[in-house]
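J.: You'll find work-v1.cif just under this line, and it carries mmCIF, C-alpha atoms.
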```cif
data_coords
#
loop_
_atom_site.label_atom_id
_atom_site.label_comp_id
_atom_site.auth_asym_id
_atom_site.auth_seq_id
_atom_site.Cartn_x
_atom_site.Cartn_y
_atom_site.Cartn_z
CA MET A 264 -215.42 86.90 25.08
CA SER A 265 -215.68 84.16 27.72
CA MET A 266 -219.08 83.06 26.42
CA TYR A 267 -217.71 82.16 22.97
CA GLN A 268 -216.18 78.88 21.83
CA MET A 269 -212.43 78.58 21.25
CA GLU A 270 -212.72 78.79 17.46
CA THR A 271 -214.52 82.11 17.76
CA LYS A 272 -212.06 83.45 20.33
CA CYS A 273 -209.15 82.76 17.97
CA ILE A 274 -210.72 85.19 15.54
CA GLN A 275 -212.75 87.64 17.63
CA SER A 276 -210.84 88.12 20.90
CA GLY A 277 -208.46 91.01 21.47
CA TRP A 278 -208.97 93.89 19.04
CA LYS A 279 -212.59 95.07 18.89
CA PRO A 280 -212.90 97.92 16.36
CA LYS A 281 -215.33 100.75 16.98
CA LYS A 282 -217.10 102.94 14.44
CA GLY A 283 -214.79 103.90 11.62
CA GLU A 284 -211.79 101.95 12.96
CA PRO A 285 -209.92 99.32 10.90
CA ARG A 286 -211.36 95.83 11.07
CA ALA A 287 -207.88 94.28 11.08
CA LEU A 288 -205.67 94.79 14.14
CA PRO A 289 -203.63 97.95 13.44
CA ILE A 290 -199.87 98.04 13.83
CA ILE A 291 -199.09 100.91 16.21
CA GLN A 292 -195.47 101.25 15.12
CA SER A 293 -194.47 104.05 17.45
CA THR A 294 -191.96 104.21 20.26
CA THR A 295 -193.81 106.97 22.11
CA PHE A 296 -197.28 108.35 22.77
CA GLN A 297 -198.16 112.03 23.14
CA TYR A 298 -200.10 113.78 25.92
CA GLU A 299 -201.47 117.27 26.34
CA ASN A 300 -199.68 118.26 29.54
CA SER A 301 -197.04 117.15 32.00
CA ASP A 302 -199.53 116.07 34.67
CA GLN A 303 -201.13 113.54 32.33
CA MET A 304 -197.75 111.94 31.69
CA GLY A 305 -196.85 112.05 35.38
CA ARG A 306 -200.01 110.20 36.37
CA LEU A 307 -199.09 107.42 33.98
CA PHE A 308 -195.68 107.03 35.60
CA ASP A 309 -197.35 107.01 39.01
CA LEU A 310 -199.71 104.23 37.81
CA GLU A 311 -202.65 106.47 38.63
CA ASP A 312 -203.96 106.41 35.05
CA THR A 313 -203.90 103.73 32.38
CA GLY A 314 -202.43 104.46 29.00
CA TYR A 315 -199.34 104.22 26.86
CA PHE A 316 -196.17 106.28 26.98
CA TYR A 317 -193.29 104.09 25.78
CA THR A 318 -193.42 100.87 23.78
CA ARG A 319 -190.69 99.21 25.85
CA LEU A 320 -193.29 98.86 28.58
CA GLN A 321 -196.55 98.51 26.65
CA ASN A 322 -197.90 98.94 23.16
CA PRO A 323 -201.56 98.77 22.04
CA THR A 324 -200.93 96.23 19.26
CA ASN A 325 -199.04 93.97 21.65
CA ASP A 326 -201.67 94.30 24.35
CA TYR A 327 -204.57 93.37 22.08
CA VAL A 328 -202.76 90.17 21.08
CA ALA A 329 -201.96 89.42 24.72
CA GLN A 330 -205.65 89.85 25.51
CA LYS A 331 -206.52 87.27 22.87
CA ILE A 332 -204.10 84.70 24.26
CA CYS A 333 -205.33 85.47 27.78
CA ASP A 334 -208.90 84.82 26.66
CA LEU A 335 -207.91 81.56 24.97
CA GLU A 336 -206.22 80.33 28.15
CA GLY A 337 -209.00 81.54 30.43
CA GLY A 338 -206.64 83.80 32.35
CA TYR A 339 -206.94 87.14 34.10
CA ALA A 340 -204.05 89.12 32.57
CA ALA A 341 -201.25 88.55 30.08
CA MET A 342 -198.20 90.17 28.52
CA LEU A 343 -196.16 89.50 25.41
CA THR A 344 -192.39 89.09 25.45
CA SER A 345 -189.78 89.03 22.71
CA SER A 346 -189.34 85.23 22.87
CA GLY A 347 -190.48 82.13 24.70
CA GLN A 348 -187.22 82.10 26.66
CA ALA A 349 -187.88 85.66 27.78
CA ALA A 350 -191.37 84.59 28.90
CA ASN A 351 -189.98 81.74 31.00
CA PHE A 352 -187.29 83.97 32.48
CA TYR A 353 -189.73 86.74 33.37
CA ALA A 354 -192.30 84.29 34.75
CA VAL A 355 -189.76 82.95 37.26
CA PHE A 356 -187.69 86.09 37.92
CA ASN A 357 -190.87 88.05 38.69
CA ILE A 358 -191.18 86.10 41.97
CA CYS A 359 -187.65 84.76 42.54
CA GLU A 360 -184.50 86.59 43.57
CA ALA A 361 -181.02 85.78 44.85
CA GLY A 362 -181.24 83.20 47.63
CA ASP A 363 -184.46 81.64 46.34
CA HIS A 364 -185.11 78.18 44.98
CA MET A 365 -187.39 76.58 42.40
CA VAL A 366 -188.39 73.03 41.50
CA CYS A 367 -188.55 72.04 37.85
CA SER A 368 -189.43 69.00 35.80
CA SER A 369 -186.21 67.61 34.34
CA THR A 370 -187.74 66.79 30.95
CA ILE A 371 -187.98 70.29 29.54
CA TYR A 372 -186.58 72.04 26.48
CA GLY A 373 -182.78 72.13 26.55
CA GLY A 374 -182.59 75.91 26.35
CA THR A 375 -184.92 76.25 29.34
CA PHE A 376 -182.97 73.57 31.22
CA ASN A 377 -179.83 75.67 30.71
CA LEU A 378 -181.65 78.91 31.60
CA PHE A 379 -182.71 77.51 34.97
CA GLY A 380 -179.75 75.24 35.66
CA VAL A 381 -176.95 77.62 34.67
CA THR A 382 -178.02 81.22 34.05
CA LEU A 383 -180.42 81.61 36.97
CA LYS A 384 -177.79 80.11 39.28
CA LYS A 385 -175.51 82.99 38.30
CA LEU A 386 -178.24 85.27 39.65
CA GLY A 387 -178.34 83.34 42.92
CA ILE A 388 -181.51 81.36 42.17
CA ASP A 389 -181.10 77.62 42.74
CA VAL A 390 -183.10 74.86 41.03
CA THR A 391 -183.81 71.22 41.77
CA PHE A 392 -184.75 69.14 38.74
CA VAL A 393 -187.15 66.29 39.40
CA ASP A 394 -188.35 63.32 37.40
CA PRO A 395 -191.92 64.26 36.37
CA ASP A 396 -192.94 60.62 36.69
CA ALA A 397 -191.74 60.41 40.30
CA SER A 398 -194.25 60.02 43.09
CA SER A 399 -195.77 63.04 44.79
CA GLU A 400 -193.89 62.17 47.96
CA GLU A 401 -190.56 62.15 46.16
CA ILE A 402 -191.22 65.46 44.39
CA LYS A 403 -192.35 67.08 47.64
CA LYS A 404 -188.93 66.32 49.11
CA ALA A 405 -187.41 68.67 46.53
CA CYS A 406 -189.33 71.63 47.96
CA LYS A 407 -187.50 73.82 50.47
CA PRO A 408 -188.52 76.72 52.73
CA ASN A 409 -187.13 79.14 50.12
CA THR A 410 -188.86 77.46 47.15
CA LYS A 411 -190.83 80.07 45.21
CA CYS A 412 -192.35 78.14 42.28
CA ILE A 413 -192.62 74.83 40.46
CA PHE A 414 -192.19 74.68 36.67
CA GLY A 415 -193.03 72.13 33.99
CA GLU A 416 -194.07 71.70 30.36
CA THR A 417 -197.48 70.32 29.38
CA ILE A 418 -195.73 68.23 26.73
CA ALA A 419 -191.98 68.09 27.14
CA ASN A 420 -189.79 69.19 24.25
CA PRO A 421 -188.44 66.91 22.80
CA SER A 422 -189.07 63.81 24.93
CA MET A 423 -192.89 64.12 24.63
CA VAL A 424 -193.40 63.41 28.33
CA VAL A 425 -196.90 64.50 29.40
CA LEU A 426 -196.90 66.29 32.74
CA ASP A 427 -199.45 65.28 35.36
CA ILE A 428 -200.62 68.85 35.90
CA GLU A 429 -202.98 68.09 38.78
CA LYS A 430 -200.26 66.23 40.67
CA PHE A 431 -197.80 69.08 40.29
CA ALA A 432 -200.44 71.70 41.12
CA ASP A 433 -201.30 69.91 44.36
CA ILE A 434 -197.63 69.71 45.33
CA ALA A 435 -197.07 73.39 44.52
CA HIS A 436 -200.08 74.58 46.48
CA GLU A 437 -199.23 72.42 49.47
CA ALA A 438 -195.83 74.16 49.43
CA GLY A 439 -197.52 77.55 49.12
CA VAL A 440 -196.08 78.36 45.69
CA PRO A 441 -197.53 78.76 42.18
CA LEU A 442 -197.28 76.18 39.42
CA ILE A 443 -195.92 77.62 36.16
CA ILE A 444 -196.70 75.62 33.02
CA ASP A 445 -195.16 76.07 29.58
CA ASN A 446 -198.11 75.20 27.33
CA THR A 447 -196.34 75.79 24.01
CA PHE A 448 -196.79 72.37 22.41
CA ALA A 449 -200.39 71.71 23.43
CA THR A 450 -201.61 75.30 23.00
CA PRO A 451 -204.91 76.33 24.65
CA ILE A 452 -206.71 74.59 21.79
CA ASN A 453 -205.76 71.19 23.20
CA CYS A 454 -205.06 71.91 26.87
CA ARG A 455 -205.99 74.67 29.33
CA PRO A 456 -203.73 74.15 32.36
CA PHE A 457 -205.62 76.66 34.53
CA GLU A 458 -208.52 74.21 34.58
CA TRP A 459 -206.21 71.63 36.17
CA GLY A 460 -204.74 73.87 38.88
CA ALA A 461 -201.87 75.70 37.17
CA ASP A 462 -201.41 79.33 38.20
CA ILE A 463 -199.24 80.85 35.47
CA ILE A 464 -198.82 79.80 31.83
CA THR A 465 -196.01 80.62 29.44
CA HIS A 466 -195.77 80.19 25.68
CA SER A 467 -193.21 80.38 22.97
CA THR A 468 -195.61 82.00 20.53
CA THR A 469 -192.92 81.39 17.91
CA LYS A 470 -194.29 77.86 17.57
CA TYR A 471 -197.90 76.84 16.85
CA MET A 472 -199.42 80.21 17.76
CA ASP A 473 -197.49 82.00 15.02
CA GLY A 474 -197.54 78.81 12.98
CA HIS A 475 -195.62 80.07 9.96
CA ALA A 476 -192.07 80.54 11.28
CA VAL A 477 -192.08 84.27 10.61
CA SER A 478 -191.97 85.90 14.07
CA VAL A 479 -190.29 85.12 17.38
CA GLY A 480 -192.25 85.84 20.54
CA GLY A 481 -193.47 84.73 23.92
CA CYS A 482 -196.35 85.24 26.31
CA ILE A 483 -197.06 85.01 30.03
CA VAL A 484 -200.64 84.50 31.23
CA ASP A 485 -201.65 84.83 34.88
CA SER A 486 -204.77 83.03 36.10
CA GLY A 487 -205.26 85.59 38.87
CA ASN A 488 -206.01 82.66 41.19
CA PHE A 489 -202.87 82.43 43.30
CA ASP A 490 -203.25 84.29 46.61
CA TRP A 491 -199.95 86.14 46.96
CA ASN A 492 -201.09 87.84 50.16
CA ALA A 493 -201.65 84.48 51.83
CA TYR A 494 -197.88 83.96 51.55
CA GLY A 495 -196.90 87.60 51.89
CA ASP A 496 -193.61 86.93 53.65
CA LYS A 497 -192.55 84.65 50.80
CA PHE A 498 -193.53 86.95 47.93
CA LYS A 499 -192.43 90.32 49.27
CA GLY A 500 -191.83 91.67 45.78
CA LEU A 501 -195.59 91.61 45.27
CA THR A 502 -196.88 92.20 48.78
CA ARG A 503 -194.44 94.85 50.06
CA PRO A 504 -193.72 98.38 48.74
CA ASP A 505 -191.52 98.48 45.63
CA SER A 506 -188.85 101.10 46.26
CA SER A 507 -188.00 101.15 42.54
CA TYR A 508 -191.52 102.27 41.65
CA HIS A 509 -192.70 104.96 44.05
CA GLY A 510 -193.26 102.47 46.86
CA VAL A 511 -196.26 100.83 45.18
CA THR A 512 -197.50 97.55 46.67
CA TYR A 513 -198.73 95.56 43.70
CA THR A 514 -201.23 93.29 45.42
CA ALA A 515 -202.79 96.20 47.30
CA LYS A 516 -203.11 98.44 44.26
CA PHE A 517 -203.79 95.94 41.46
CA GLY A 518 -205.34 92.91 43.13
CA LYS A 519 -205.46 89.99 40.69
CA GLY A 520 -203.47 92.05 38.20
CA ALA A 521 -200.50 92.34 40.56
CA TYR A 522 -198.27 89.70 38.96
CA ILE A 523 -198.51 90.93 35.36
CA THR A 524 -198.35 94.58 36.42
CA LYS A 525 -195.10 93.98 38.30
CA ALA A 526 -193.65 92.04 35.36
CA THR A 527 -194.50 94.98 33.10
CA VAL A 528 -193.51 98.04 35.12
CA GLN A 529 -190.48 96.46 36.78
CA LEU A 530 -189.00 93.68 34.62
CA MET A 531 -189.98 94.97 31.18
CA ARG A 532 -188.91 98.46 32.23
CA ASP A 533 -185.47 97.24 33.30
CA LEU A 534 -184.80 94.37 30.88
CA GLY A 535 -186.83 95.41 27.85
CA SER A 536 -187.66 92.08 26.18
CA ILE A 537 -190.60 93.58 24.30
CA PRO A 538 -191.79 92.23 20.94
CA SER A 539 -192.11 94.61 18.03
CA PRO A 540 -195.70 95.60 17.13
CA GLN A 541 -195.02 94.15 13.67
CA ASN A 542 -194.31 90.72 15.19
CA ALA A 543 -197.39 90.96 17.38
CA PHE A 544 -199.44 91.72 14.27
CA LEU A 545 -198.05 88.62 12.53
CA LEU A 546 -198.72 86.55 15.64
CA ASN A 547 -202.34 87.67 15.63
CA ILE A 548 -202.75 86.48 12.05
CA GLY A 549 -201.42 83.08 13.11
CA LEU A 550 -203.77 82.90 16.08
CA GLU A 551 -206.77 83.36 13.81
CA THR A 552 -206.20 79.91 12.29
CA LEU A 553 -204.70 78.15 15.32
CA HIS A 554 -207.78 76.00 15.90
CA LEU A 555 -207.78 74.78 12.30
CA ARG A 556 -204.06 74.07 12.15
CA MET A 557 -203.87 72.21 15.45
CA GLU A 558 -206.56 69.80 14.31
CA ARG A 559 -204.60 68.98 11.13
CA HIS A 560 -201.25 68.81 12.94
CA CYS A 561 -202.64 66.24 15.36
CA GLU A 562 -204.44 64.27 12.66
CA ASN A 563 -201.25 64.01 10.58
CA ALA A 564 -199.04 63.25 13.59
CA VAL A 565 -201.16 60.30 14.74
CA LYS A 566 -200.89 58.76 11.29
CA ALA A 567 -197.17 59.45 11.00
CA ALA A 568 -196.52 58.03 14.47
CA ALA A 569 -198.51 54.87 13.67
CA TYR A 570 -196.53 54.44 10.45
CA LEU A 571 -193.19 54.81 12.25
CA GLU A 572 -194.24 52.46 15.04
CA GLU A 573 -194.80 49.68 12.51
CA HIS A 574 -191.60 50.24 10.52
CA GLU A 575 -188.94 47.58 10.90
CA LYS A 576 -186.08 50.10 11.04
CA VAL A 577 -187.62 52.17 13.84
CA ALA A 578 -186.48 51.22 17.35
CA TRP A 579 -189.01 53.23 19.32
CA VAL A 580 -191.64 55.97 19.04
CA SER A 581 -192.80 58.43 21.70
CA TYR A 582 -196.10 60.15 20.97
CA PRO A 583 -198.91 60.52 23.53
CA GLY A 584 -201.53 59.95 20.84
CA LEU A 585 -200.44 56.31 20.43
CA LYS A 586 -202.17 53.78 22.69
CA SER A 587 -198.77 52.15 23.22
CA SER A 588 -197.42 55.33 24.81
CA LYS A 589 -196.92 55.31 28.58
CA TYR A 590 -198.45 58.80 28.52
CA TYR A 591 -201.55 57.86 26.55
CA GLU A 592 -203.85 57.95 29.59
CA LEU A 593 -202.50 61.28 30.80
CA GLY A 594 -202.81 62.59 27.27
CA GLN A 595 -206.46 61.54 27.12
CA LYS A 596 -207.08 63.18 30.49
CA TYR A 597 -205.53 66.55 29.72
CA MET A 598 -205.74 66.62 25.92
CA PRO A 599 -208.66 64.49 24.72
CA LYS A 600 -208.86 66.34 21.39
CA GLY A 601 -205.21 65.68 20.55
CA SER A 602 -201.77 66.60 21.86
CA CYS A 603 -199.59 68.23 19.19
CA GLY A 604 -197.80 67.54 15.93
CA VAL A 605 -194.40 66.62 17.37
CA ILE A 606 -193.14 63.03 17.48
CA ALA A 607 -189.95 61.68 19.08
CA PHE A 608 -188.47 58.46 17.71
CA GLY A 609 -185.21 56.59 17.27
CA LEU A 610 -183.84 54.23 14.65
CA LYS A 611 -182.15 50.88 15.06
CA GLY A 612 -178.42 51.47 14.81
CA GLY A 613 -178.35 54.45 17.12
CA ARG A 614 -177.16 58.02 16.73
CA ARG A 615 -175.18 57.62 13.50
CA VAL A 616 -178.11 56.04 11.66
CA SER A 617 -180.53 58.67 12.95
CA VAL A 618 -178.36 61.48 11.60
CA SER A 619 -177.91 59.70 8.26
CA PHE A 620 -181.69 59.28 7.94
CA MET A 621 -182.25 63.00 8.44
CA ASP A 622 -179.74 63.87 5.74
CA HIS A 623 -181.74 61.87 3.19
CA LEU A 624 -185.07 63.62 3.74
CA GLU A 625 -186.19 65.81 0.84
CA MET A 626 -189.46 67.59 1.63
CA THR A 627 -188.83 67.61 5.38
CA SER A 628 -186.49 70.40 6.48
CA ILE A 629 -183.66 70.14 9.00
CA VAL A 630 -184.22 73.29 11.04
CA THR A 631 -183.88 74.47 14.62
CA HIS A 632 -187.52 75.42 14.56
CA VAL A 633 -190.49 73.24 15.45
CA ALA A 634 -194.29 73.43 15.35
CA ASP A 635 -195.11 75.32 12.20
CA VAL A 636 -197.06 74.42 9.05
CA LYS A 637 -194.03 72.81 7.33
CA THR A 638 -192.79 69.39 8.36
CA SER A 639 -189.34 69.62 9.93
CA VAL A 640 -186.85 67.44 11.77
CA LEU A 641 -184.04 67.87 14.29
CA HIS A 642 -181.53 65.73 16.19
CA PRO A 643 -181.60 67.35 19.66
CA ALA A 644 -178.41 65.72 20.97
CA SER A 645 -176.52 67.30 18.07
CA HIS A 646 -178.45 70.57 17.93
CA THR A 647 -180.74 72.12 20.58
CA HIS A 648 -179.34 70.06 23.49
CA ARG A 649 -175.70 69.81 22.41
CA GLN A 650 -174.62 72.00 25.34
CA LEU A 651 -175.74 69.27 27.76
CA THR A 652 -173.53 66.47 29.05
CA ASP A 653 -174.51 62.84 28.45
CA GLU A 654 -175.77 62.68 32.02
CA GLN A 655 -177.87 65.82 31.53
CA LEU A 656 -179.23 64.46 28.26
CA VAL A 657 -180.50 61.37 30.05
CA GLU A 658 -181.96 63.51 32.83
CA ALA A 659 -183.75 65.65 30.25
CA GLY A 660 -185.18 62.58 28.56
CA VAL A 661 -183.11 63.02 25.39
CA ALA A 662 -181.72 59.74 24.04
CA PRO A 663 -178.66 59.98 21.76
CA ASP A 664 -180.69 58.57 18.85
CA LEU A 665 -183.77 60.75 19.45
CA ILE A 666 -185.17 62.39 16.32
CA ARG A 667 -187.70 65.18 16.80
CA LEU A 668 -190.16 65.16 13.93
CA SER A 669 -192.49 68.15 13.71
CA VAL A 670 -195.35 67.03 11.48
CA GLY A 671 -196.76 69.84 9.39
CA ILE A 672 -200.10 70.28 7.68
CA GLU A 673 -199.10 69.04 4.23
CA ASN A 674 -200.84 65.99 2.78
CA ILE A 675 -200.05 63.08 5.08
CA ASN A 676 -199.29 60.76 2.16
CA ASP A 677 -196.50 63.08 1.04
CA ILE A 678 -195.10 63.28 4.57
CA ILE A 679 -195.03 59.50 4.96
CA ALA A 680 -193.55 59.04 1.48
CA ASP A 681 -190.66 61.34 2.43
CA LEU A 682 -190.06 59.35 5.62
CA GLU A 683 -190.22 56.08 3.68
CA ASN A 684 -187.71 57.20 1.06
CA ALA A 685 -185.23 58.31 3.72
CA LEU A 686 -185.65 55.10 5.71
CA LYS A 687 -184.75 53.08 2.63
CA THR A 688 -181.27 54.63 2.69
CA VAL A 689 -180.33 53.51 6.22
#
```
Just give me the structure as structure tokens.

T.:
Amino acid sequence: MSMYQMETKCIQSGWKPKKGEPRALPIIQSTTFQYENSDQMGRLFDLEDTGYFYTRLQNPTNDYVAQKICDLEGGYAAMLTSSGQAANFYAVFNICEAGDHMVCSSTIYGGTFNLFGVTLKKLGIDVTFVDPDASSEEIKKACKPNTKCIFGETIANPSMVVLDIEKFADIAHEAGVPLIIDNTFATPINCRPFEWGADIITHSTTKYMDGHAVSVGGCIVDSGNFDWNAYGDKFKGLTRPDSSYHGVTYTAKFGKGAYITKATVQLMRDLGSIPSPQNAFLLNIGLETLHLRMERHCENAVKAAAYLEEHEKVAWVSYPGLKSSKYYELGQKYMPKGSCGVIAFGLKGGRRVSVSFMDHLEMTSIVTHVADVKTSVLHPASHTHRQLTDEQLVEAGVAPDLIRLSVGIENINDIIADLENALKTV
């Protein structure tokens, strides 16, 4: 499908029905798959044949949706996971183990910050958080001999910091490690990080890709471009025999498919964060309109951000689509068609006033979710990031008064009217 435009890929990639098969992606709701004899099954377990035997590892419905996302990102191979957090965990844990180290942008989603800063440390994997706006020289100093990857978000949730992907890719490759980018907010409609040097992409498909807040999921896409063999001593899990899987050496047997194959037959086998085929089916429906929705999300968000920027009760607005944003130029470089529908802003009067404003919204919902068709709002310091200390909040780019507004695809006049009515109360 590489010859088609993105709009066509959203609809046509993945499932390709043959004669007499259903036009819509079928839901293969089965835990197991039958074979005619024992040898056939044995060859699957030996990775000598391709096929399906247990949905915890792979399922046809899931794989067709992964293929679509892979095509949209311009990758080589992809896999679905049960959530975006599972995708980020697998993406890192697939190449890191106890005693290893990673470098990460500090302005990332609070749950991911905790995953890397707390949970991975319990597994013996250390992390150094860096200011994404720091100079290349300063960020390079964070890299160590045991560094295995660098991680960042295209657009940081919720601070709306735009990552300089090329800068981080250059630093990662100079250190001999891959750059992993969470592209959830931008989606491949607005940004394709592989084209700027990223090696692995993750998504919380729960957000814009699903688009309707009906199914939780995640995805990992591998570009196939990182040369694991060139750093064989560093990435032994890929370049040396795997004793837990018949001594297979993934790079030797699967070439560019090594990374995703290992994540499937080793991590998914052992940890089992597989999405249900039903959720993959719902995700595929969302993907079919992703290109249309992202255009409207961005169109509405630019107007809402401009309105807030001019309002006398608003202290500040962070949205890369505004020319006043310090990330406007980076946004134009990496996302010339638009960034996303999420805006960060604060009100004069601080945290108390921000919370009061949210409580007076009517059409806009206060929910933990973000990036679906309905306009929603959240106060990260009180909700998604409440596990962080004040110092960690500052490091993550989350001000105490920060309001995360996820602009939906309703009529923009109704969205602004709801904001206006709530602002009148504070």

J.: For this file, the PyMOL selection byres ((chain A and resi 579-593) around 8) selects which residues, as number ranges by chain?

T.: A: 422-427, 565, 568-569, 571-572, 577-578, 594-598, 601-602, 605-610

J.: At what distance in Å, to one decimal, does CA of Ala526 (chain A) lie from CA of Tyr353 (chain A)?

T.: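 Straight-line distance from CA of Tyr353 (chain A) to CA of Ala526 (chain A) works out to 6.9 Å.
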
J.: His648 (chain A): which residues within 9 Å, counting all atoms listed in the file, same-chain residues fewer than 6 positions away excluded, as a list in words?

T.: Tyr372, Gly373, Gly374, His642, Leu656 and Val661 of chain A

J.: What residues come out when you apply the PyMOL selection byres ((chain A and resi 335) around 12) to this file, written as number ranges by chain?

T.: A: 264-277, 328-334, 336-341, 446, 450-457, 464, 472, 484, 486, 550-551, 553-554

J.: Assuming the chain letters and numbering stay as they are in my file, what does the PyMOL selection byres ((chain A and resi 470) around 9) actually select? List them as an mmCIF file with C-alpha atoms, keeping the file's coordinate frame.

T.:
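As a result, part-v9.cif now contains:
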```
data_model
loop_
_atom_site.group_PDB
_atom_site.id
_atom_site.type_symbol
_atom_site.label_atom_id
_atom_site.label_comp_id
_atom_site.auth_asym_id
_atom_site.auth_seq_id
_atom_site.Cartn_x
_atom_site.Cartn_y
_atom_site.Cartn_z
ATOM 1 C CA THR A 447 -196.340 75.790 24.010
ATOM 2 C CA PHE A 448 -196.790 72.370 22.410
ATOM 3 C CA HIS A 466 -195.770 80.190 25.680
ATOM 4 C CA SER A 467 -193.210 80.380 22.970
ATOM 5 C CA THR A 468 -195.610 82.000 20.530
ATOM 6 C CA THR A 469 -192.920 81.390 17.910
ATOM 7 C CA TYR A 471 -197.900 76.840 16.850
ATOM 8 C CA MET A 472 -199.420 80.210 17.760
ATOM 9 C CA ASP A 473 -197.490 82.000 15.020
ATOM 10 C CA GLY A 474 -197.540 78.810 12.980
ATOM 11 C CA HIS A 475 -195.620 80.070 9.960
ATOM 12 C CA ALA A 476 -192.070 80.540 11.280
ATOM 13 C CA VAL A 479 -190.290 85.120 17.380
ATOM 14 C CA GLY A 480 -192.250 85.840 20.540
ATOM 15 C CA HIS A 632 -187.520 75.420 14.560
ATOM 16 C CA VAL A 633 -190.490 73.240 15.450
ATOM 17 C CA ALA A 634 -194.290 73.430 15.350
ATOM 18 C CA ASP A 635 -195.110 75.320 12.200
#
```

J.: For the interface of region 482-585 of chain A with region 359-366 of chain A (cut-off 10 Å, counting all atoms listed in the file), please tabulate each contacting residue of region 482-585 of chain A alongside its nearest pair of atoms and their separation in Å to one decimal, rows sorted by chain and increasing number, as a tab-separated table.

T.:
```
residue	atom	partner	partner_atom	distance
A:Lys497	CA	A:Cys359	CA	9.6
A:Phe498	CA	A:Cys359	CA	8.3
A:Lys499	CA	A:Cys359	CA	10.0
A:Gly500	CA	A:Cys359	CA	8.7
```

J.: Return the single residue from A:Met342, A:Val440, A:Met557, A:Ile548 that is closest to Asp496 (chain A), with distances computed using all atoms listed in the file.

T.: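 Of all the options, A:Val440 lies closest to Asp496 (chain A).
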
J.: Restricting the calculation to all atoms listed in the file, which member of A:Gly283, A:Tyr570, A:Gly314, A:Asn351 is positioned closest to Tyr298 (chain A)?

T.: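 Answer, going by the shortest atom-to-atom distance: A:Gly314.
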